[in-house]
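Printed here is data_24.pdb (PDB, C-alpha atoms, pLDDT in the B column):
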```
ATOM      1  CA  MET G 154     -13.652  -0.252  -6.767  1.00 85.00           C
ATOM      2  CA  PHE G 155     -11.571  -2.757  -8.711  1.00 95.00           C
ATOM      3  CA  ASP G 156     -12.231  -4.027 -12.194  1.00 96.00           C
ATOM      4  CA  ILE G 157     -10.370  -6.387 -14.496  1.00 97.00           C
ATOM      5  CA  ARG G 158     -11.460  -7.222 -18.007  1.00 95.00           C
ATOM      6  CA  LEU G 159     -10.212  -8.611 -21.289  1.00 94.00           C
ATOM      7  CA  THR G 160     -10.517  -6.242 -24.240  1.00 94.00           C
ATOM      8  CA  GLU G 161     -11.435  -7.254 -27.784  1.00 93.00           C
ATOM      9  CA  THR G 162      -7.749  -7.051 -28.720  1.00 93.00           C
ATOM     10  CA  GLY G 163      -6.822  -9.483 -25.960  1.00 92.00           C
ATOM     11  CA  ASP G 164      -5.280  -6.953 -23.565  1.00 96.00           C
ATOM     12  CA  VAL G 165      -6.110  -7.003 -19.868  1.00 98.00           C
ATOM     13  CA  MET G 166      -7.390  -3.718 -18.446  1.00 97.00           C
ATOM     14  CA  LEU G 167      -7.059  -3.088 -14.734  1.00 98.00           C
ATOM     15  CA  SER G 168      -8.736  -0.266 -12.833  1.00 97.00           C
ATOM     16  CA  GLY G 169      -9.239   0.837  -9.230  1.00 95.00           C
ATOM     17  CA  ARG G 170      -7.507  -0.733  -6.250  1.00 94.00           C
ATOM     18  CA  PHE G 171      -6.005  -4.185  -6.630  1.00 96.00           C
ATOM     19  CA  ASP G 172      -5.905  -5.399  -3.027  1.00 94.00           C
ATOM     20  CA  ALA G 173      -6.323  -8.715  -1.204  1.00 93.00           C
ATOM     21  CA  ALA G 174     -10.111  -8.551  -1.489  1.00 92.00           C
ATOM     22  CA  GLN G 175      -9.799  -8.615  -5.305  1.00 95.00           C
ATOM     23  CA  VAL G 176      -7.517 -11.623  -5.684  1.00 95.00           C
ATOM     24  CA  ASP G 177     -10.265 -14.044  -6.748  1.00 96.00           C
ATOM     25  CA  ASN G 178     -11.699 -11.580  -9.299  1.00 96.00           C
ATOM     26  CA  ALA G 179      -8.265 -11.062 -10.805  1.00 97.00           C
ATOM     27  CA  LYS G 180      -7.401 -14.752 -10.890  1.00 97.00           C
ATOM     28  CA  ALA G 181     -10.648 -15.540 -12.688  1.00 96.00           C
ATOM     29  CA  VAL G 182      -9.404 -13.454 -15.638  1.00 96.00           C
ATOM     30  CA  LEU G 183      -5.641 -13.990 -15.458  1.00 97.00           C
ATOM     31  CA  ASP G 184      -5.926 -17.775 -15.127  1.00 97.00           C
ATOM     32  CA  ARG G 185      -7.560 -17.848 -18.589  1.00 95.00           C
ATOM     33  CA  LEU G 186      -4.508 -16.343 -20.302  1.00 96.00           C
ATOM     34  CA  THR G 187      -2.390 -18.734 -22.331  1.00 96.00           C
ATOM     35  CA  VAL G 188      -0.335 -16.414 -24.543  1.00 97.00           C
ATOM     36  CA  THR G 189       1.787 -13.286 -24.099  1.00 97.00           C
ATOM     37  CA  THR G 190      -0.592 -10.524 -23.000  1.00 97.00           C
ATOM     38  CA  SER G 191      -0.367  -6.788 -22.389  1.00 97.00           C
ATOM     39  CA  VAL G 192      -1.763  -5.635 -19.066  1.00 98.00           C
ATOM     40  CA  ASP G 193      -2.838  -2.001 -19.081  1.00 97.00           C
ATOM     41  CA  PHE G 194      -2.363  -0.251 -15.728  1.00 97.00           C
ATOM     42  CA  LYS G 195      -3.650   3.109 -16.954  1.00 96.00           C
ATOM     43  CA  ASP G 196      -6.629   3.223 -14.589  1.00 96.00           C
ATOM     44  CA  LEU G 197      -5.102   1.243 -11.747  1.00 97.00           C
ATOM     45  CA  VAL G 198      -4.785   3.391  -8.651  1.00 93.00           C
ATOM     46  CA  TYR G 199      -2.979   0.988  -6.451  1.00 91.00           C
ATOM     47  CA  VAL G 200      -1.679  -2.574  -6.109  1.00 95.00           C
ATOM     48  CA  SER G 201      -0.850  -4.332  -2.839  1.00 95.00           C
ATOM     49  CA  SER G 202       1.409  -7.337  -2.250  1.00 95.00           C
ATOM     50  CA  ALA G 203      -1.629  -9.606  -2.704  1.00 95.00           C
ATOM     51  CA  GLY G 204      -2.077  -8.196  -6.204  1.00 96.00           C
ATOM     52  CA  LEU G 205       1.636  -8.503  -6.882  1.00 96.00           C
ATOM     53  CA  GLY G 206       1.411 -12.160  -5.850  1.00 96.00           C
ATOM     54  CA  VAL G 207      -1.320 -12.837  -8.418  1.00 97.00           C
ATOM     55  CA  LEU G 208       0.668 -11.110 -11.171  1.00 97.00           C
ATOM     56  CA  MET G 209       3.789 -13.064 -10.205  1.00 96.00           C
ATOM     57  CA  ALA G 210       1.933 -16.399 -10.226  1.00 96.00           C
ATOM     58  CA  THR G 211       0.519 -15.628 -13.681  1.00 97.00           C
ATOM     59  CA  GLN G 212       3.951 -14.640 -14.968  1.00 97.00           C
ATOM     60  CA  LYS G 213       5.410 -17.918 -13.646  1.00 96.00           C
ATOM     61  CA  ARG G 214       2.688 -19.998 -15.243  1.00 97.00           C
ATOM     62  CA  LEU G 215       3.003 -18.266 -18.617  1.00 97.00           C
ATOM     63  CA  SER G 216       6.808 -18.371 -18.586  1.00 96.00           C
ATOM     64  CA  GLU G 217       6.707 -22.162 -18.411  1.00 96.00           C
ATOM     65  CA  LYS G 218       5.151 -22.039 -21.886  1.00 96.00           C
ATOM     66  CA  GLY G 219       7.500 -19.351 -23.169  1.00 97.00           C
ATOM     67  CA  GLN G 220       4.823 -16.657 -22.777  1.00 97.00           C
ATOM     68  CA  LYS G 221       4.617 -13.620 -20.498  1.00 97.00           C
ATOM     69  CA  LEU G 222       2.697 -10.615 -19.222  1.00 97.00           C
ATOM     70  CA  LYS G 223       3.828  -7.225 -20.508  1.00 97.00           C
ATOM     71  CA  LEU G 224       2.823  -4.281 -18.353  1.00 97.00           C
ATOM     72  CA  LYS G 225       2.067  -0.852 -19.752  1.00 96.00           C
ATOM     73  CA  ASN G 226       0.949   2.591 -18.558  1.00 97.00           C
ATOM     74  CA  VAL G 227       2.258   1.929 -15.051  1.00 96.00           C
ATOM     75  CA  SER G 228       1.908   5.045 -12.867  1.00 95.00           C
ATOM     76  CA  GLY G 229       4.798   6.531 -10.939  1.00 94.00           C
ATOM     77  CA  HIS G 230       3.444   5.330  -7.591  1.00 93.00           C
ATOM     78  CA  ILE G 231       2.955   1.755  -8.772  1.00 95.00           C
ATOM     79  CA  ARG G 232       6.284   1.796 -10.607  1.00 95.00           C
ATOM     80  CA  GLU G 233       7.909   2.693  -7.295  1.00 94.00           C
ATOM     81  CA  ILE G 234       6.289  -0.326  -5.615  1.00 94.00           C
ATOM     82  CA  PHE G 235       7.468  -2.526  -8.484  1.00 95.00           C
ATOM     83  CA  LYS G 236      10.970  -1.209  -7.948  1.00 94.00           C
ATOM     84  CA  ILE G 237      10.857  -1.916  -4.208  1.00 95.00           C
ATOM     85  CA  ALA G 238       9.565  -5.451  -4.860  1.00 95.00           C
ATOM     86  CA  ARG G 239      12.114  -5.855  -7.680  1.00 94.00           C
ATOM     87  CA  PHE G 240       9.335  -6.700 -10.089  1.00 92.00           C
ATOM     88  CA  ASP G 241      11.342  -4.806 -12.673  1.00 89.00           C
ATOM     89  CA  LEU G 242      13.519  -7.945 -12.776  1.00 90.00           C
ATOM     90  CA  ILE G 243      10.680 -10.302 -13.639  1.00 93.00           C
ATOM     91  CA  PHE G 244       8.331  -8.149 -15.732  1.00 95.00           C
ATOM     92  CA  GLU G 245       8.727  -6.235 -18.947  1.00 93.00           C
ATOM     93  CA  ILE G 246       7.368  -2.773 -18.209  1.00 93.00           C
ATOM     94  CA  GLU G 247       6.736  -0.592 -21.247  1.00 87.00           C
TER      95      GLU G 247
ATOM     96  CA  MET L 155      19.885  38.435   2.847  1.00 41.00           C
ATOM     97  CA  ASP L 156      17.419  41.261   3.419  1.00 41.00           C
ATOM     98  CA  SER L 157      14.876  39.789   5.812  1.00 42.00           C
ATOM     99  CA  SER L 158      12.353  42.457   4.931  1.00 42.00           C
ATOM    100  CA  ALA L 159      12.313  41.470   1.262  1.00 41.00           C
ATOM    101  CA  PRO L 160       9.108  39.707   0.203  1.00 43.00           C
ATOM    102  CA  LEU L 161       9.447  36.001  -0.224  1.00 40.00           C
ATOM    103  CA  ASP L 162       8.866  34.771  -3.714  1.00 42.00           C
ATOM    104  CA  GLN L 163       5.601  32.885  -4.130  1.00 44.00           C
ATOM    105  CA  ASP L 164       7.217  29.465  -4.296  1.00 40.00           C
ATOM    106  CA  LEU L 165       9.213  29.986  -1.139  1.00 36.00           C
ATOM    107  CA  GLN L 166       6.220  31.529   0.555  1.00 39.00           C
ATOM    108  CA  ASN L 167       4.079  28.540  -0.327  1.00 41.00           C
ATOM    109  CA  ARG L 168       6.764  26.227   0.959  1.00 37.00           C
ATOM    110  CA  TYR L 169       7.035  28.200   4.156  1.00 35.00           C
ATOM    111  CA  THR L 170       3.339  28.441   4.802  1.00 39.00           C
ATOM    112  CA  SER L 171       2.511  24.886   3.832  1.00 43.00           C
ATOM    113  CA  HIS L 172       5.609  22.862   4.643  1.00 44.00           C
ATOM    114  CA  HIS L 173       7.404  24.487   7.507  1.00 48.00           C
ATOM    115  CA  PRO L 174       7.651  21.986  10.372  1.00 49.00           C
ATOM    116  CA  LEU L 175       6.639  24.644  12.887  1.00 51.00           C
ATOM    117  CA  GLU L 176       3.474  25.598  11.075  1.00 51.00           C
ATOM    118  CA  GLU L 177       1.252  23.188  12.956  1.00 50.00           C
ATOM    119  CA  PRO L 178       1.077  24.066  16.633  1.00 49.00           C
ATOM    120  CA  ARG L 179      -2.405  22.647  16.994  1.00 56.00           C
ATOM    121  CA  PRO L 180      -2.610  18.973  17.928  1.00 61.00           C
ATOM    122  CA  VAL L 181      -4.970  17.147  15.613  1.00 66.00           C
ATOM    123  CA  PRO L 182      -7.342  14.941  17.600  1.00 76.00           C
ATOM    124  CA  ALA L 183      -6.905  11.252  16.936  1.00 90.00           C
ATOM    125  CA  VAL L 184      -9.709   9.367  15.267  1.00 95.00           C
ATOM    126  CA  GLU L 185     -10.261   5.699  15.948  1.00 96.00           C
ATOM    127  CA  ARG L 186     -12.501   3.055  14.455  1.00 97.00           C
ATOM    128  CA  LYS L 187     -12.881  -0.691  14.827  1.00 97.00           C
ATOM    129  CA  PHE L 188     -13.255  -3.011  11.847  1.00 97.00           C
ATOM    130  CA  LYS L 189     -14.536  -6.544  11.459  1.00 96.00           C
ATOM    131  CA  ARG L 190     -11.693  -8.955  10.888  1.00 95.00           C
ATOM    132  CA  HIS L 191     -12.574  -9.778   7.313  1.00 95.00           C
ATOM    133  CA  ILE L 192     -10.940  -9.034   3.997  1.00 94.00           C
ATOM    134  CA  ASP L 193     -14.137  -7.334   2.854  1.00 92.00           C
ATOM    135  CA  SER L 194     -13.523  -4.709   5.555  1.00 95.00           C
ATOM    136  CA  LEU L 195     -10.650  -3.335   3.479  1.00 94.00           C
ATOM    137  CA  ALA L 196     -13.001  -1.023   1.572  1.00 93.00           C
ATOM    138  CA  LYS L 197     -14.196   0.501   4.855  1.00 96.00           C
ATOM    139  CA  VAL L 198     -10.621   0.770   6.114  1.00 96.00           C
ATOM    140  CA  PHE L 199      -9.671   2.716   2.976  1.00 93.00           C
ATOM    141  CA  GLU L 200     -12.734   4.918   3.313  1.00 95.00           C
ATOM    142  CA  PHE L 201     -11.790   5.739   6.911  1.00 96.00           C
ATOM    143  CA  VAL L 202      -8.123   6.402   6.110  1.00 95.00           C
ATOM    144  CA  ASP L 203      -8.863   8.390   2.955  1.00 94.00           C
ATOM    145  CA  GLN L 204     -11.376  10.584   4.759  1.00 95.00           C
ATOM    146  CA  PHE L 205      -8.726  11.481   7.331  1.00 95.00           C
ATOM    147  CA  ILE L 206      -6.060  11.993   4.677  1.00 94.00           C
ATOM    148  CA  ILE L 207      -8.300  14.359   2.716  1.00 93.00           C
ATOM    149  CA  GLN L 208      -9.174  16.258   5.886  1.00 93.00           C
ATOM    150  CA  GLU L 209      -5.492  16.642   6.713  1.00 93.00           C
ATOM    151  CA  LYS L 210      -4.600  17.574   3.090  1.00 93.00           C
ATOM    152  CA  VAL L 211      -1.929  14.882   2.911  1.00 94.00           C
ATOM    153  CA  ASP L 212       0.056  14.943  -0.336  1.00 95.00           C
ATOM    154  CA  ASP L 213      -0.451  12.194  -2.918  1.00 93.00           C
ATOM    155  CA  ASP L 214       2.918  10.463  -2.433  1.00 93.00           C
ATOM    156  CA  ALA L 215       2.367  10.052   1.303  1.00 94.00           C
ATOM    157  CA  LYS L 216      -1.260   9.049   0.739  1.00 93.00           C
ATOM    158  CA  HIS L 217      -0.296   6.278  -1.650  1.00 93.00           C
ATOM    159  CA  ALA L 218       2.407   4.979   0.678  1.00 93.00           C
ATOM    160  CA  PHE L 219       0.111   5.080   3.682  1.00 92.00           C
ATOM    161  CA  ASP L 220      -2.802   3.388   1.887  1.00 92.00           C
ATOM    162  CA  LEU L 221      -0.478   0.592   0.893  1.00 94.00           C
ATOM    163  CA  ALA L 222       0.990   0.166   4.375  1.00 94.00           C
ATOM    164  CA  VAL L 223      -2.452   0.139   6.013  1.00 94.00           C
ATOM    165  CA  ASP L 224      -3.694  -2.412   3.495  1.00 95.00           C
ATOM    166  CA  GLU L 225      -0.736  -4.708   4.142  1.00 95.00           C
ATOM    167  CA  LEU L 226      -1.082  -4.533   7.925  1.00 96.00           C
ATOM    168  CA  PHE L 227      -4.838  -5.072   7.971  1.00 96.00           C
ATOM    169  CA  THR L 228      -4.608  -7.905   5.442  1.00 95.00           C
ATOM    170  CA  ASN L 229      -2.000  -9.598   7.627  1.00 93.00           C
ATOM    171  CA  THR L 230      -4.245  -9.469  10.694  1.00 93.00           C
ATOM    172  CA  VAL L 231      -7.032 -11.116   8.720  1.00 94.00           C
ATOM    173  CA  LYS L 232      -4.721 -13.678   7.137  1.00 91.00           C
ATOM    174  CA  TYR L 233      -2.907 -14.794  10.273  1.00 90.00           C
ATOM    175  CA  HIS L 234      -5.716 -14.655  12.827  1.00 89.00           C
ATOM    176  CA  PRO L 235      -8.788 -15.628  10.799  1.00 88.00           C
ATOM    177  CA  SER L 236     -10.751 -17.181  13.655  1.00 90.00           C
ATOM    178  CA  ASN L 237     -10.141 -14.403  16.160  1.00 94.00           C
ATOM    179  CA  PRO L 238     -13.570 -12.870  16.921  1.00 95.00           C
ATOM    180  CA  ASN L 239     -12.207  -9.475  18.009  1.00 96.00           C
ATOM    181  CA  ASP L 240     -12.440  -6.408  15.831  1.00 97.00           C
ATOM    182  CA  VAL L 241      -9.242  -4.657  14.753  1.00 97.00           C
ATOM    183  CA  SER L 242      -8.745  -1.078  15.909  1.00 97.00           C
ATOM    184  CA  ILE L 243      -7.187   1.599  13.708  1.00 97.00           C
ATOM    185  CA  GLU L 244      -6.300   5.005  15.119  1.00 96.00           C
ATOM    186  CA  LEU L 245      -5.082   7.925  13.004  1.00 96.00           C
ATOM    187  CA  ARG L 246      -3.536  11.223  13.999  1.00 95.00           C
ATOM    188  CA  THR L 247      -1.095  13.828  12.734  1.00 94.00           C
ATOM    189  CA  GLU L 248       1.619  15.667  14.590  1.00 93.00           C
ATOM    190  CA  ASN L 249       3.873  18.256  12.957  1.00 89.00           C
ATOM    191  CA  GLN L 250       3.197  16.970   9.464  1.00 92.00           C
ATOM    192  CA  THR L 251       3.753  13.394  10.386  1.00 95.00           C
ATOM    193  CA  LEU L 252       0.941  10.923   9.921  1.00 95.00           C
ATOM    194  CA  PHE L 253       0.570   8.236  12.576  1.00 96.00           C
ATOM    195  CA  LEU L 254      -1.417   5.034  12.362  1.00 96.00           C
ATOM    196  CA  VAL L 255      -1.842   2.709  15.313  1.00 96.00           C
ATOM    197  CA  LEU L 256      -3.272  -0.722  14.559  1.00 97.00           C
ATOM    198  CA  THR L 257      -4.281  -2.677  17.640  1.00 97.00           C
ATOM    199  CA  ASP L 258      -5.027  -6.366  17.461  1.00 96.00           C
ATOM    200  CA  PHE L 259      -6.538  -8.033  20.539  1.00 96.00           C
ATOM    201  CA  ASP L 260      -5.926 -11.551  21.873  1.00 95.00           C
ATOM    202  CA  VAL L 261      -3.240 -12.556  19.391  1.00 95.00           C
ATOM    203  CA  ASP L 262       0.173 -14.232  19.552  1.00 94.00           C
ATOM    204  CA  SER L 263       3.204 -12.020  19.299  1.00 94.00           C
ATOM    205  CA  PHE L 264       4.584 -11.366  15.832  1.00 93.00           C
ATOM    206  CA  ASP L 265       7.162  -8.621  15.669  1.00 95.00           C
ATOM    207  CA  LEU L 266       7.146  -7.593  12.027  1.00 95.00           C
ATOM    208  CA  THR L 267      10.078  -5.247  12.583  1.00 95.00           C
ATOM    209  CA  LYS L 268      12.297  -8.291  13.178  1.00 94.00           C
ATOM    210  CA  LYS L 269      11.122 -10.270  10.181  1.00 92.00           C
ATOM    211  CA  THR L 270      13.902 -11.086   7.722  1.00 91.00           C
ATOM    212  CA  ASP L 271      13.587  -9.378   4.372  1.00 92.00           C
ATOM    213  CA  PRO L 272      12.659 -11.655   1.467  1.00 92.00           C
ATOM    214  CA  ASP L 273      15.206 -12.439  -1.230  1.00 90.00           C
ATOM    215  CA  LEU L 274      14.111 -10.351  -4.200  1.00 91.00           C
ATOM    216  CA  THR L 275      17.072 -11.072  -6.430  1.00 89.00           C
ATOM    217  CA  GLY L 276      16.176 -14.572  -7.572  1.00 88.00           C
ATOM    218  CA  SER L 277      14.891 -15.593 -10.975  1.00 89.00           C
ATOM    219  CA  LEU L 278      11.156 -15.671 -11.640  1.00 91.00           C
ATOM    220  CA  LYS L 279      11.159 -19.402 -10.920  1.00 89.00           C
ATOM    221  CA  GLU L 280      12.777 -18.848  -7.525  1.00 90.00           C
ATOM    222  CA  ARG L 281      10.644 -15.912  -6.447  1.00 90.00           C
ATOM    223  CA  THR L 282       7.784 -16.307  -3.963  1.00 87.00           C
ATOM    224  CA  PRO L 283       5.372 -13.619  -2.760  1.00 81.00           C
ATOM    225  CA  GLY L 284       5.981 -14.468   0.919  1.00 85.00           C
ATOM    226  CA  GLY L 285       7.075 -11.579   3.120  1.00 89.00           C
ATOM    227  CA  LEU L 286       6.570  -9.011   0.388  1.00 93.00           C
ATOM    228  CA  GLY L 287       3.804  -7.098   2.185  1.00 95.00           C
ATOM    229  CA  ILE L 288       5.788  -6.447   5.350  1.00 95.00           C
ATOM    230  CA  TYR L 289       8.876  -5.611   3.329  1.00 96.00           C
ATOM    231  CA  ILE L 290       6.994  -3.047   1.227  1.00 96.00           C
ATOM    232  CA  THR L 291       5.368  -1.584   4.337  1.00 96.00           C
ATOM    233  CA  LYS L 292       8.756  -1.031   5.962  1.00 96.00           C
ATOM    234  CA  LYS L 293      10.070   0.582   2.788  1.00 96.00           C
ATOM    235  CA  VAL L 294       7.227   3.041   2.145  1.00 96.00           C
ATOM    236  CA  VAL L 295       6.807   4.481   5.645  1.00 96.00           C
ATOM    237  CA  ASP L 296       9.397   6.287   7.772  1.00 97.00           C
ATOM    238  CA  ASP L 297       9.140   4.125  10.851  1.00 97.00           C
ATOM    239  CA  VAL L 298       7.392   0.964  12.082  1.00 97.00           C
ATOM    240  CA  GLN L 299       7.190   0.141  15.790  1.00 97.00           C
ATOM    241  CA  TYR L 300       5.835  -2.960  17.441  1.00 97.00           C
ATOM    242  CA  GLN L 301       4.651  -3.414  21.028  1.00 97.00           C
ATOM    243  CA  TYR L 302       3.137  -6.500  22.597  1.00 97.00           C
ATOM    244  CA  ASN L 303       1.533  -6.711  25.994  1.00 97.00           C
ATOM    245  CA  ASN L 304      -1.254  -8.835  27.525  1.00 96.00           C
ATOM    246  CA  ARG L 305      -1.794 -10.631  24.211  1.00 96.00           C
ATOM    247  CA  THR L 306      -2.406  -7.293  22.527  1.00 96.00           C
ATOM    248  CA  SER L 307      -0.347  -6.352  19.519  1.00 96.00           C
ATOM    249  CA  VAL L 308       0.152  -2.669  18.725  1.00 97.00           C
ATOM    250  CA  ILE L 309       1.778  -1.600  15.464  1.00 97.00           C
ATOM    251  CA  THR L 310       2.555   2.080  14.946  1.00 97.00           C
ATOM    252  CA  LEU L 311       3.411   3.519  11.534  1.00 97.00           C
ATOM    253  CA  LYS L 312       4.876   6.967  10.965  1.00 97.00           C
ATOM    254  CA  LYS L 313       4.962   8.787   7.650  1.00 96.00           C
ATOM    255  CA  SER L 314       5.927  12.393   7.068  1.00 96.00           C
ATOM    256  CA  PHE L 315       3.868  14.343   4.556  1.00 95.00           C
ATOM    257  CA  ARG L 316       3.547  17.684   2.830  1.00 93.00           C
ATOM    258  CA  ARG L 317       0.292  19.526   3.204  1.00 90.00           C
ATOM    259  CA  LYS L 318      -1.462  20.050  -0.109  1.00 85.00           C
ATOM    260  CA  ASN L 319      -2.462  23.546  -1.127  1.00 78.00           C
ATOM    261  CA  VAL L 320      -6.139  23.093  -1.856  1.00 65.00           C
TER     262      VAL L 320
END
```
Can the structure in the file be given as structure tokens, please?
Amino acid sequence: MFDIRLTETGDVMLSGRFDAAQVDNAKAVLDRLTVTTSVDFKDLVYVSSAGLGVLMATQKRLSEKGQKLKLKNVSGHIREIFKIARFDLIFEIE
Amino acid sequence: MDSSAPLDQDLQNRYTSHHPLEEPRPVPAVERKFKRHIDSLAKVFEFVDQFIIQEKVDDDAKHAFDLAVDELFTNTVKYHPSNPNDVSIELRTENQTLFLVLTDFDVDSFDLTKKTDPDLTGSLKERTPGGLGIYITKKVVDDVQYQYNNRTSVITLKKSFRRKNV
């Protein structure tokens, strides 16, 4: 079960499995972002390349306005996938 | 070393749970067919996770295998959307190696093992998500094999695992 929501403080919270079936749900939230935003991975179990693609597209869009996504609480497993995909080069991971 | 000395608990656990010769019994393969739709992913995960729990696969291998299965199944849906045939997934273990065989019927050949790796060194502006799924799949499992015959594509993944003590 995947969930994505904006908190009162403007952070994005992700939970569950972020796979290809969840791309539209994720885009519906991420496409609304216009400023630098923290994305909390604390409850995210898993992210596939489809999820990575959505995060990358959002990062590209925000970077054109001098803004960005900042990722936090990334688990060891997901951090490993980020390393393989070299997302450590294009995202700030706290 | 005195062979009669008792093994310490850690070594004993490693021997009893990780020794490659510990598993003489062949584990019967399980197979299921899934509708070629992205919404089938939840059922694919359910099927794979059930097997992984039954086989006490460790968390690192489970995560890698979940990801690889997701990428392969998603590709079959993405590249053959109008194909009416279900996609078959077979799972088995042998000597603490997890095998997955994904069979796709009536499709053109696409040998993922020969696909060029994407360039991951570019700037954000230059990066594209294309080819990332296959690249990650190849990185997280131990081996990927591709066979194609009579318009049937068969992809076999291998991933070694440690058996959890539960």
At most 6 Å is the cut-off: for each residue in chain L with any atom that close to an atom of chain G, write down the nearest atom pair and the distance in Å rounded to one decimal, counting all atoms listed in the file, chain first then increasing number, as a Markdown table.
```
| residue | atom | partner | partner_atom | distance |
| --- | --- | --- | --- | --- |
| L:Ile192 | CA | G:Ala174 | CA | 5.6 |
| L:Leu278 | CA | G:Ile243 | CA | 5.7 |
| L:Pro283 | CA | G:Gly206 | CA | 5.2 |
| L:Gly287 | CA | G:Ser202 | CA | 5.0 |
```
- Convert the output of the PyMOL selection byres ((chain L and resi 183) around 8) on the shown file into explicit residues, formatted as a PyMOL selection string. chain L and resi 181-182+184-185+244-247
- Message: I want to know what sits within 12 Å of Thr162 in chain G, based on only C-alpha atoms, with residues of the same chain fewer than 4 positions away left out; could you give that as number ranges by chain?
- Response: G: 158, 166, 190-193
- Message: Within 7 Å of (-8.3, -8.5, 15.9) (file coordinates; all atoms listed in the file), which protein or nucleic acid residues are there? I'd like them as a list of chain:residue names.
- Response: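 Those within range, by chain then number, are L:Arg190, L:Thr230, L:Asn237, L:Pro238, L:Asn239, L:Asp240, L:Val241, L:Asp258, L:Phe259.
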Grab the residues selected above and save them as a CSV table (one decimal), in the coordinates of the input with C-alpha atoms.
```csv
chain,number,residue,atom,x,y,z
L,190,ARG,CA,-11.7,-9.0,10.9
L,230,THR,CA,-4.2,-9.5,10.7
L,237,ASN,CA,-10.1,-14.4,16.2
L,238,PRO,CA,-13.6,-12.9,16.9
L,239,ASN,CA,-12.2,-9.5,18.0
L,240,ASP,CA,-12.4,-6.4,15.8
L,241,VAL,CA,-9.2,-4.7,14.8
L,258,ASP,CA,-5.0,-6.4,17.5
L,259,PHE,CA,-6.5,-8.0,20.5
```
- Between CA of Val188 in chain G and CA of Thr160 in chain G, measure the distance and give it in Å to one decimal.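 So the two atoms, CA of Val188 in chain G and CA of Thr160 in chain G, lie 14.4 Å apart.
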- Message: List the spatial neighbours of Val261 in chain L as a PyMOL selection string - criterion: any atom at most 10 Å away, all atoms listed in the file, same-chain residues fewer than 5 positions off excluded.
- Response: chain L and resi 230+233-234+237+239+302+304-307
- Could you state the separation of CA of Tyr289 in chain L and CA of Asp271 in chain L in Å, given to one decimal place? 6.1 Å
- Length of the CA of Lys313 in chain L to CA of Gln208 in chain L vector [Å]: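 Between these atoms lies a distance of 16.1 Å.
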- Item | Contacts of Val211 in chain L at 8 Å (all atoms listed in the file; same-chain gap of 6+ positions) as a PyMOL selection string | chain L and resi 315-318
- Task: Counting all atoms listed in the file, note down every residue that has an atom within 12 Å of the point (-17.9, -1.9, -11.8) (file coordinates), as a list in words.
- Result: Met154, Phe155, Asp156, Ile157, Arg158, Leu167, Ser168, Gly169, Arg170 and Asn178 of chain G
- Message: Taking only C-alpha atoms into account, name the residue in L:Thr251, L:Thr228, L:Asn303, L:Ile309 that is nearest to Thr267 in chain L.
- Response: L:Ile309
- Could you tell me which residues the PyMOL selection byres ((chain L and resi 300) around 10) returns for this structure, as JSON, numbers by chain? {"L": [255, 256, 263, 264, 265, 266, 267, 268, 298, 299, 301, 302, 307, 308, 309, 310, 311]}
- Query: Can you list what the PyMOL selection byres ((chain L and resi 221) around 8) grabs from this structure, as a count of residues only?
  - Reply: 12
Please list as a CSV table (one decimal) with C-alpha atoms, in the coordinates of the input every residue within 6 Å of Ser242 in chain L, counting only C-alpha atoms and excluding residues in the same chain fewer than 3 positions away.
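Here's the written file around_37.csv:
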```csv
chain,number,residue,atom,x,y,z
L,186,ARG,CA,-12.5,3.1,14.5
L,187,LYS,CA,-12.9,-0.7,14.8
L,256,LEU,CA,-3.3,-0.7,14.6
L,257,THR,CA,-4.3,-2.7,17.6
```
- Query: Pick the closest to Asp214 in chain L from G:Leu222, G:Val176, G:Ser228, G:Thr187: which is it, counting only C-alpha atoms?
  - Reply: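 Closest to Asp214 in chain L, using only C-alpha atoms: G:Ser228.
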- Message: With distances taken over all atoms listed in the file, which residue among L:Lys197, L:Lys293, L:Lys279, L:Lys312 lies nearest Glu248 in chain L?
- Response: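 So, comparing all the options, the nearest one is L:Lys312.
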- Tell me which of L:Ile206, L:Leu254, L:Ala215, L:Lys292 sits closest to Thr270 in chain L, counting only C-alpha atoms.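 Looking at the shortest contact to Thr270 in chain L, the residue is L:Lys292.
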